[in-house]
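Data block for target-v3.txt (compact mmCIF, C-alpha atoms):
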# COMPACT_ATOMS: atom_id res chain seq x y z
CA MET A 18 -16.37 -90.46 -51.97
CA LYS A 19 -16.29 -86.71 -51.60
CA ALA A 20 -13.43 -84.20 -51.79
CA LEU A 21 -13.15 -81.03 -49.70
CA ILE A 22 -10.62 -78.33 -50.62
CA LEU A 23 -9.73 -75.91 -47.84
CA ALA A 24 -9.38 -72.64 -49.75
CA GLY A 25 -9.97 -69.96 -47.15
CA GLY A 26 -7.78 -67.75 -45.02
CA SER A 27 -5.21 -65.15 -45.92
CA THR A 28 -1.99 -65.45 -47.90
CA ASP A 29 1.38 -65.97 -46.24
CA GLU A 30 3.41 -62.76 -45.80
CA SER A 31 5.94 -63.50 -48.56
CA LEU A 32 3.11 -64.06 -51.04
CA LYS A 33 1.04 -60.97 -50.19
CA ASP A 34 1.90 -59.19 -53.43
CA LYS A 35 0.59 -62.19 -55.39
CA GLY A 36 -2.89 -61.99 -53.87
CA ASP A 37 -4.80 -62.07 -50.59
CA ASN A 38 -5.98 -65.67 -50.95
CA LYS A 39 -3.56 -68.47 -51.74
CA ALA A 40 -6.09 -70.54 -53.69
CA LEU A 41 -6.54 -67.67 -56.13
CA ILE A 42 -2.85 -67.03 -56.82
CA LYS A 43 -2.13 -67.71 -60.47
CA ILE A 44 0.48 -70.17 -61.66
CA GLY A 45 0.79 -69.60 -65.38
CA GLU A 46 -2.72 -68.98 -66.65
CA LYS A 47 -4.61 -70.78 -63.87
CA GLU A 48 -5.41 -70.16 -60.25
CA MET A 49 -3.69 -72.55 -57.84
CA ILE A 50 -6.90 -74.29 -56.76
CA LEU A 51 -7.71 -75.27 -60.35
CA TYR A 52 -4.65 -77.52 -60.60
CA ILE A 53 -5.95 -79.48 -57.61
CA ALA A 54 -9.57 -79.56 -58.75
CA GLU A 55 -8.64 -80.76 -62.23
CA VAL A 56 -6.71 -83.69 -60.77
CA LEU A 57 -9.57 -84.57 -58.42
CA LYS A 58 -11.98 -84.56 -61.36
CA THR A 59 -10.01 -87.39 -63.02
CA ILE A 60 -10.28 -89.73 -60.01
CA LYS A 61 -13.18 -92.16 -60.46
CA ASP A 62 -13.73 -92.67 -56.71
CA ILE A 63 -14.58 -88.98 -56.23
CA ASP A 64 -18.09 -87.93 -57.24
CA GLU A 65 -18.30 -84.46 -55.67
CA ILE A 66 -15.82 -81.66 -55.02
CA VAL A 67 -16.50 -78.78 -52.63
CA ALA A 68 -14.23 -75.84 -51.82
CA ILE A 69 -14.54 -73.84 -48.61
CA GLY A 70 -13.34 -70.29 -49.11
CA PRO A 71 -14.42 -66.84 -50.34
CA LYS A 72 -17.52 -66.71 -52.52
CA ARG A 73 -15.46 -65.24 -55.37
CA LEU A 74 -14.09 -68.75 -55.95
CA GLU A 75 -17.34 -69.38 -57.82
CA GLY A 76 -16.15 -67.05 -60.57
CA ILE A 77 -13.16 -69.24 -61.42
CA SER A 78 -14.57 -72.70 -60.58
CA ARG A 79 -15.16 -73.69 -64.24
CA GLY A 80 -17.78 -76.15 -63.03
CA LEU A 81 -15.14 -78.25 -61.31
CA PHE A 82 -16.33 -77.61 -57.75
CA SER A 83 -19.06 -75.96 -55.72
CA VAL A 84 -18.25 -73.31 -53.12
CA VAL A 85 -19.23 -73.03 -49.47
CA GLU A 86 -18.35 -69.69 -47.89
CA GLU A 87 -15.63 -69.81 -45.27
CA GLU A 88 -16.17 -68.81 -41.66
CA GLY A 89 -13.64 -68.49 -38.86
CA SER A 90 -10.44 -70.47 -38.51
CA LEU A 91 -9.07 -73.27 -40.65
CA PHE A 92 -10.22 -75.82 -38.09
CA GLU A 93 -13.73 -74.32 -37.99
CA ASN A 94 -13.86 -74.65 -41.77
CA VAL A 95 -12.83 -78.30 -41.52
CA LYS A 96 -15.73 -78.90 -39.11
CA LYS A 97 -18.10 -77.01 -41.40
CA GLY A 98 -16.91 -79.07 -44.34
CA LEU A 99 -17.53 -82.34 -42.53
CA SER A 100 -21.08 -81.21 -41.72
CA ILE A 101 -21.89 -80.69 -45.41
CA PHE A 102 -21.84 -84.37 -46.29
CA PRO A 103 -23.81 -87.36 -44.94
CA LYS A 104 -22.12 -89.09 -42.00
CA GLU A 105 -21.77 -92.36 -43.88
CA GLU A 106 -19.53 -90.75 -46.48
CA GLU A 107 -15.78 -91.05 -46.90
CA ILE A 108 -14.07 -87.75 -47.59
CA LEU A 109 -10.72 -86.59 -48.89
CA VAL A 110 -9.68 -83.25 -47.34
CA LEU A 111 -6.99 -81.26 -49.15
CA THR A 112 -5.41 -77.86 -48.71
CA SER A 113 -5.54 -75.51 -51.70
CA ASP A 114 -1.76 -75.00 -51.85
CA ILE A 115 -0.55 -78.30 -53.34
CA PRO A 116 -0.80 -77.47 -57.06
CA MET A 117 1.79 -80.10 -58.05
CA ILE A 118 -0.41 -82.93 -56.78
CA THR A 119 -0.91 -85.75 -59.30
CA LYS A 120 -3.62 -88.28 -60.04
CA GLU A 121 -1.18 -91.10 -59.30
CA ALA A 122 -0.32 -89.68 -55.87
CA LEU A 123 -3.95 -89.33 -54.82
CA GLU A 124 -5.07 -92.67 -56.22
CA ASP A 125 -2.21 -94.42 -54.45
CA PHE A 126 -3.11 -92.72 -51.16
CA ILE A 127 -6.85 -93.43 -51.49
CA ASP A 128 -6.23 -97.08 -52.36
CA LYS A 129 -3.91 -97.62 -49.38
CA ALA A 130 -6.25 -95.73 -47.05
CA LYS A 131 -9.28 -97.80 -48.03
CA LYS A 132 -7.35 -101.06 -47.70
CA SER A 133 -6.08 -100.07 -44.23
CA GLY A 134 -9.58 -100.12 -42.75
CA ALA A 135 -8.69 -97.02 -40.71
CA ASP A 136 -11.04 -94.14 -39.89
CA PHE A 137 -8.42 -91.46 -40.43
CA CYS A 138 -5.40 -91.70 -42.74
CA TYR A 139 -2.54 -89.27 -43.17
CA PRO A 140 0.22 -89.53 -45.81
CA ILE A 141 3.89 -89.31 -44.90
CA VAL A 142 6.86 -89.15 -47.29
CA ARG A 143 10.47 -90.19 -46.65
CA LYS A 144 12.97 -87.33 -46.64
CA GLU A 145 15.20 -88.98 -49.22
CA ILE A 146 12.31 -89.31 -51.67
CA ASN A 147 11.28 -85.70 -51.15
CA ASP A 148 14.86 -84.45 -51.54
CA LYS A 149 15.33 -86.42 -54.75
CA LYS A 150 12.17 -85.04 -56.38
CA PHE A 151 12.37 -81.50 -55.01
CA PRO A 152 15.98 -80.77 -54.03
CA GLY A 153 16.44 -77.75 -51.83
CA VAL A 154 12.79 -77.47 -50.80
CA LYS A 155 12.54 -76.83 -47.06
CA ARG A 156 10.07 -79.07 -45.23
CA THR A 157 9.28 -79.96 -41.62
CA TYR A 158 10.63 -83.45 -40.91
CA VAL A 159 10.11 -85.89 -38.07
CA LYS A 160 12.56 -88.64 -37.20
CA VAL A 161 10.96 -91.87 -36.01
CA LYS A 162 12.21 -95.43 -35.69
CA GLU A 163 11.30 -96.21 -39.32
CA GLY A 164 13.08 -93.20 -40.82
CA THR A 165 12.71 -89.45 -41.34
CA PHE A 166 9.40 -88.28 -42.79
CA THR A 167 7.48 -85.18 -43.78
CA GLY A 168 3.69 -85.02 -43.65
CA GLY A 169 1.24 -84.57 -46.50
CA ASN A 170 -1.47 -81.99 -47.07
CA VAL A 171 -4.26 -84.50 -47.61
CA VAL A 172 -6.27 -86.62 -45.17
CA TYR A 173 -8.76 -89.44 -45.66
CA ILE A 174 -11.67 -89.48 -43.21
CA LYS A 175 -14.64 -91.70 -42.49
CA ILE A 176 -16.98 -88.96 -41.34
CA GLU A 177 -19.16 -91.13 -39.10
CA LYS A 178 -16.15 -92.37 -37.15
CA VAL A 179 -14.39 -89.03 -36.83
CA VAL A 180 -17.12 -86.39 -36.47
CA ASN A 181 -17.79 -87.09 -32.76
CA ALA A 182 -14.11 -86.71 -31.90
CA VAL A 183 -13.41 -83.68 -34.07
CA ASP A 184 -13.28 -81.18 -31.18
CA LYS A 185 -10.77 -83.36 -29.35
CA VAL A 186 -8.30 -83.25 -32.22
CA GLU A 187 -8.24 -79.44 -32.56
CA SER A 188 -4.85 -79.17 -30.84
CA PHE A 189 -3.51 -81.97 -33.02
CA PHE A 190 -4.65 -80.09 -36.11
CA LYS A 191 -3.37 -76.75 -34.83
CA TYR A 192 0.13 -78.12 -34.24
CA ARG A 193 0.29 -80.36 -37.32
CA LYS A 194 3.50 -78.57 -38.43
CA ASN A 195 5.08 -78.51 -34.97
CA PRO A 196 6.35 -82.03 -34.17
CA LEU A 197 7.59 -81.10 -30.70
CA LYS A 198 4.22 -79.75 -29.54
CA LEU A 199 2.46 -82.76 -31.06
CA ALA A 200 4.72 -85.08 -29.10
CA MET A 201 3.85 -83.17 -25.92
CA ILE A 202 0.13 -83.73 -26.57
CA PHE A 203 0.76 -87.47 -26.82
CA GLY A 204 2.44 -87.56 -23.39
CA SER A 205 5.83 -87.52 -21.67
CA VAL A 206 6.88 -91.02 -22.78
CA PHE A 207 6.16 -90.12 -26.37
CA LEU A 208 8.00 -86.83 -25.99
CA LEU A 209 11.14 -88.61 -24.79
CA LYS A 210 10.97 -91.20 -27.55
CA PHE A 211 10.45 -88.44 -30.10
CA LEU A 212 13.46 -86.51 -28.85
CA PHE A 213 15.64 -89.62 -29.14
CA GLY A 214 14.19 -90.65 -32.51
CA THR A 215 13.01 -94.05 -31.21
CA LEU A 216 9.26 -93.51 -31.53
CA LYS A 217 7.51 -96.03 -33.79
CA ILE A 218 4.71 -95.14 -36.20
CA GLU A 219 2.61 -97.97 -34.78
CA GLU A 220 2.93 -96.47 -31.30
CA LEU A 221 1.60 -93.15 -32.56
CA GLU A 222 -1.35 -94.86 -34.24
CA LYS A 223 -2.24 -96.72 -31.04
CA ARG A 224 -1.97 -93.53 -29.00
CA VAL A 225 -4.38 -91.72 -31.33
CA LEU A 226 -6.88 -94.53 -30.73
CA GLU A 227 -6.44 -94.18 -26.97
CA LEU A 228 -6.75 -90.38 -26.94
CA PHE A 229 -9.43 -89.80 -29.56
CA GLY A 230 -11.13 -93.16 -30.14
CA ILE A 231 -10.14 -93.01 -33.81
CA LYS A 232 -8.41 -95.79 -35.72
CA ALA A 233 -5.64 -93.84 -37.44
CA LYS A 234 -3.09 -94.93 -40.01
CA ALA A 235 0.00 -93.22 -41.37
CA ILE A 236 0.21 -94.03 -45.07
CA ILE A 237 3.75 -94.06 -46.45
CA SER A 238 3.64 -92.44 -49.88
CA ASP A 239 6.29 -92.51 -52.58
CA TYR A 240 4.83 -89.31 -54.08
CA PRO A 241 6.35 -86.12 -52.59
CA GLU A 242 3.81 -84.01 -54.50
CA ILE A 243 1.27 -84.95 -51.82
CA GLY A 244 3.10 -82.84 -49.26
CA THR A 245 4.91 -80.17 -51.27
CA ASP A 246 2.88 -77.06 -50.60
CA VAL A 247 3.28 -73.41 -51.54
CA ASP A 248 4.01 -71.56 -48.30
CA LYS A 249 6.42 -68.91 -49.53
CA LEU A 250 7.72 -67.20 -52.67
CA SER A 251 10.45 -69.79 -53.28
CA ASP A 252 7.81 -72.55 -53.20
CA LEU A 253 5.72 -70.65 -55.76
CA GLU A 254 8.74 -70.32 -58.04
CA ILE A 255 9.28 -74.09 -57.89
CA ALA A 256 5.61 -74.74 -58.66
CA GLU A 257 5.77 -72.38 -61.63
CA LYS A 258 8.85 -74.18 -62.92
CA VAL A 259 7.26 -77.62 -62.60
CA LEU A 260 3.80 -76.73 -63.89
CA THR A 261 4.48 -74.19 -66.63
CA LYS A 262 8.03 -74.75 -67.80
CA GLY A 263 8.15 -78.45 -68.59
CA GLY A 264 8.80 -79.72 -65.08
CA GLY A 265 12.04 -80.69 -63.43
CA LEU A 266 14.23 -78.72 -61.06
Before anything else, please render the file you have as structure tokens.
Amino acid sequence: MKALILAGGSTDESLKDKGDNKALIKIGEKEMILYIAEVLKTIKDIDEIVAIGPKRLEGISRGLFSVVEEEGSLFENVKKGLSIFPKEEEILVLTSDIPMITKEALEDFIDKAKKSGADFCYPIVRKEINDKKFPGVKRTYVKVKEGTFTGGNVVYIKIEKVVNAVDKVESFFKYRKNPLKLAMIFGSVFLLKFLFGTLKIEELEKRVLELFGIKAKAIISDYPEIGTDVDKLSDLEIAEKVLTKGGGL
């Protein structure tokens, strides 16, 4: 399978003094994207890694990945990335701001995604697991019938099954960090169930099939690294502590 790292766009406001592109911000002696690429390189299922971002990424790639120049919005870059590979391929799409990701976390997710038989898989992590590993880290959480979860920054896609519906899911992608707006997209019944915390994961999966014609699966992960991204200065400080100072918080 292939791996696509989304490495374009500008840096969040609180990180502006660290650089104008998040993927190129250094943690210790390495740019953030290299931590992700090095992990991907160790996974036997992945035979090609591509990053979409500024051409200057080529100067730091160390032969780990090839670079396709970014264009437009994050969603437009996702579509461009999907068009790079043959339709029969499976692809792992990752953001460039999860430097604490581990081989174990990705292999666990890939294995569960493949076994699910789904066309589109998205990892979710229980709040208690995230809080235990990274205490004090602020995340967006959603309460459903099965518990309280935060989403990951990785998706598994069967290109052939998803490519024809990709325009339909733009709003879903745009509001991926806004649970209330996502619930509104799914419909009034789902919105009410979401507000009362009675919505089931299985109901969401079935609704995705109805709306987009995609067999989707939420993969429960025990690895909070899969969703712990670097959005602000405090996140970067945690990543530096974990990756360059022996780990642990």
What's the 9 Å shell around Asp239 of chain A, counting only C-alpha atoms, without same-chain residues fewer than 4 positions away, as a JSON list (two decimals) with C-alpha atoms, in the coordinates of the input?
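Saved file selection.json follows:
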[["chain", "number", "residue", "atom", "x", "y", "z"],
["A", 122, "ALA", "CA", -0.32, -89.68, -55.87],
["A", 125, "ASP", "CA", -2.21, -94.42, -54.45],
["A", 141, "ILE", "CA", 3.89, -89.31, -44.90],
["A", 142, "VAL", "CA", 6.86, -89.15, -47.29],
["A", 143, "ARG", "CA", 10.47, -90.19, -46.65],
["A", 146, "ILE", "CA", 12.31, -89.31, -51.67],
["A", 147, "ASN", "CA", 11.28, -85.70, -51.15]]
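Across the structure, atom CA of Glu163 of chain A and atom CA of Phe203 of chain A are spaced 18.5 Å apart.
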Using all atoms listed in the file, what does the table of segment 77-122 of chain A residues within 8 Å of segment 56-68 of chain A look like, with each row giving the shortest atom pair and its distance in Å to one decimal, sorted by chain and ascending number, as CSV?
residue,atom,partner,partner_atom,distance
A:Leu81,CA,A:Lys58,CA,7.1
A:Phe82,CA,A:Ile66,CA,4.9
A:Ser83,CA,A:Val67,CA,4.9
A:Val84,CA,A:Ala68,CA,4.9
A:Val85,CA,A:Ala68,CA,6.2
A:Ile118,CA,A:Val56,CA,7.5
A:Thr119,CA,A:Val56,CA,6.3
A:Lys120,CA,A:Val56,CA,5.6
| field | Distance of atom CA of Ile218 of chain A from atom CA of Met117 of chain A, expressed in Å to one decimal place | value |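 One can read the atom CA of Met117 of chain A to atom CA of Ile218 of chain A distance as 26.7 Å.
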| said: So that I can see what lies close to Phe102 of chain A, please list as a ChimeraX atom specification the residues with an atom at most 9 Å from it, counting only C-alpha atoms and leaving out residues fewer than 4 positions away in the same chain. | reply: /A:19,98,106,108,176
| request: Record the distance separating atom CA of Leu250 of chain A and atom CA of Leu32 of chain A, expressed in Å with one decimal. | output: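 Those two atoms sit 5.8 Å apart.
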| task | Excluding Leu197 of chain A and residues on its chain fewer than 6 positions from it, collect all residues at most 9 Å away from it, counting all atoms listed in the file, and give them as a list in words. | result | Leu208, Phe211 and Leu212 of chain A
Hey, could you pull the box centre and edge lengths for segment 22-37 of chain A, axis-aligned, 5 Å padding per side, all listed atoms, to one decimal in Å, as lines of an AutoDock Vina configuration file?
center_x = -2.3
center_y = -68.8
center_z = -50.2
size_x = 26.6
size_y = 29.1
size_z = 20.4
| Radius query 12 Å about (-7.7, -80.5, -48.0), atoms used: only C-alpha atoms, as a VMD selection string | chain A and resid 19 to 25 40 50 53 to 54 57 66 to 70 91 to 92 94 to 95 98 to 99 108 to 116 118 123 139 169 to 174 243 to 244 246
| said: Restricting the calculation to all atoms listed in the file: of A:Pro241, A:Gly214, A:Gly230, A:Gly45, which residue gets closest to Lys162 of chain A? | reply: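 Closest to Lys162 of chain A of all the choices is A:Gly214.
For Leu228 of chain A, the non-local neighbours within 10 Å, defined as residues at least 2 positions apart in the same chain or in other chains and counting all atoms listed in the file, are Ala182, Lys185, Val186, Ile202, Phe203, Lys223, Arg224, Val225, Leu226, Gly230 and Ile231 of chain A.
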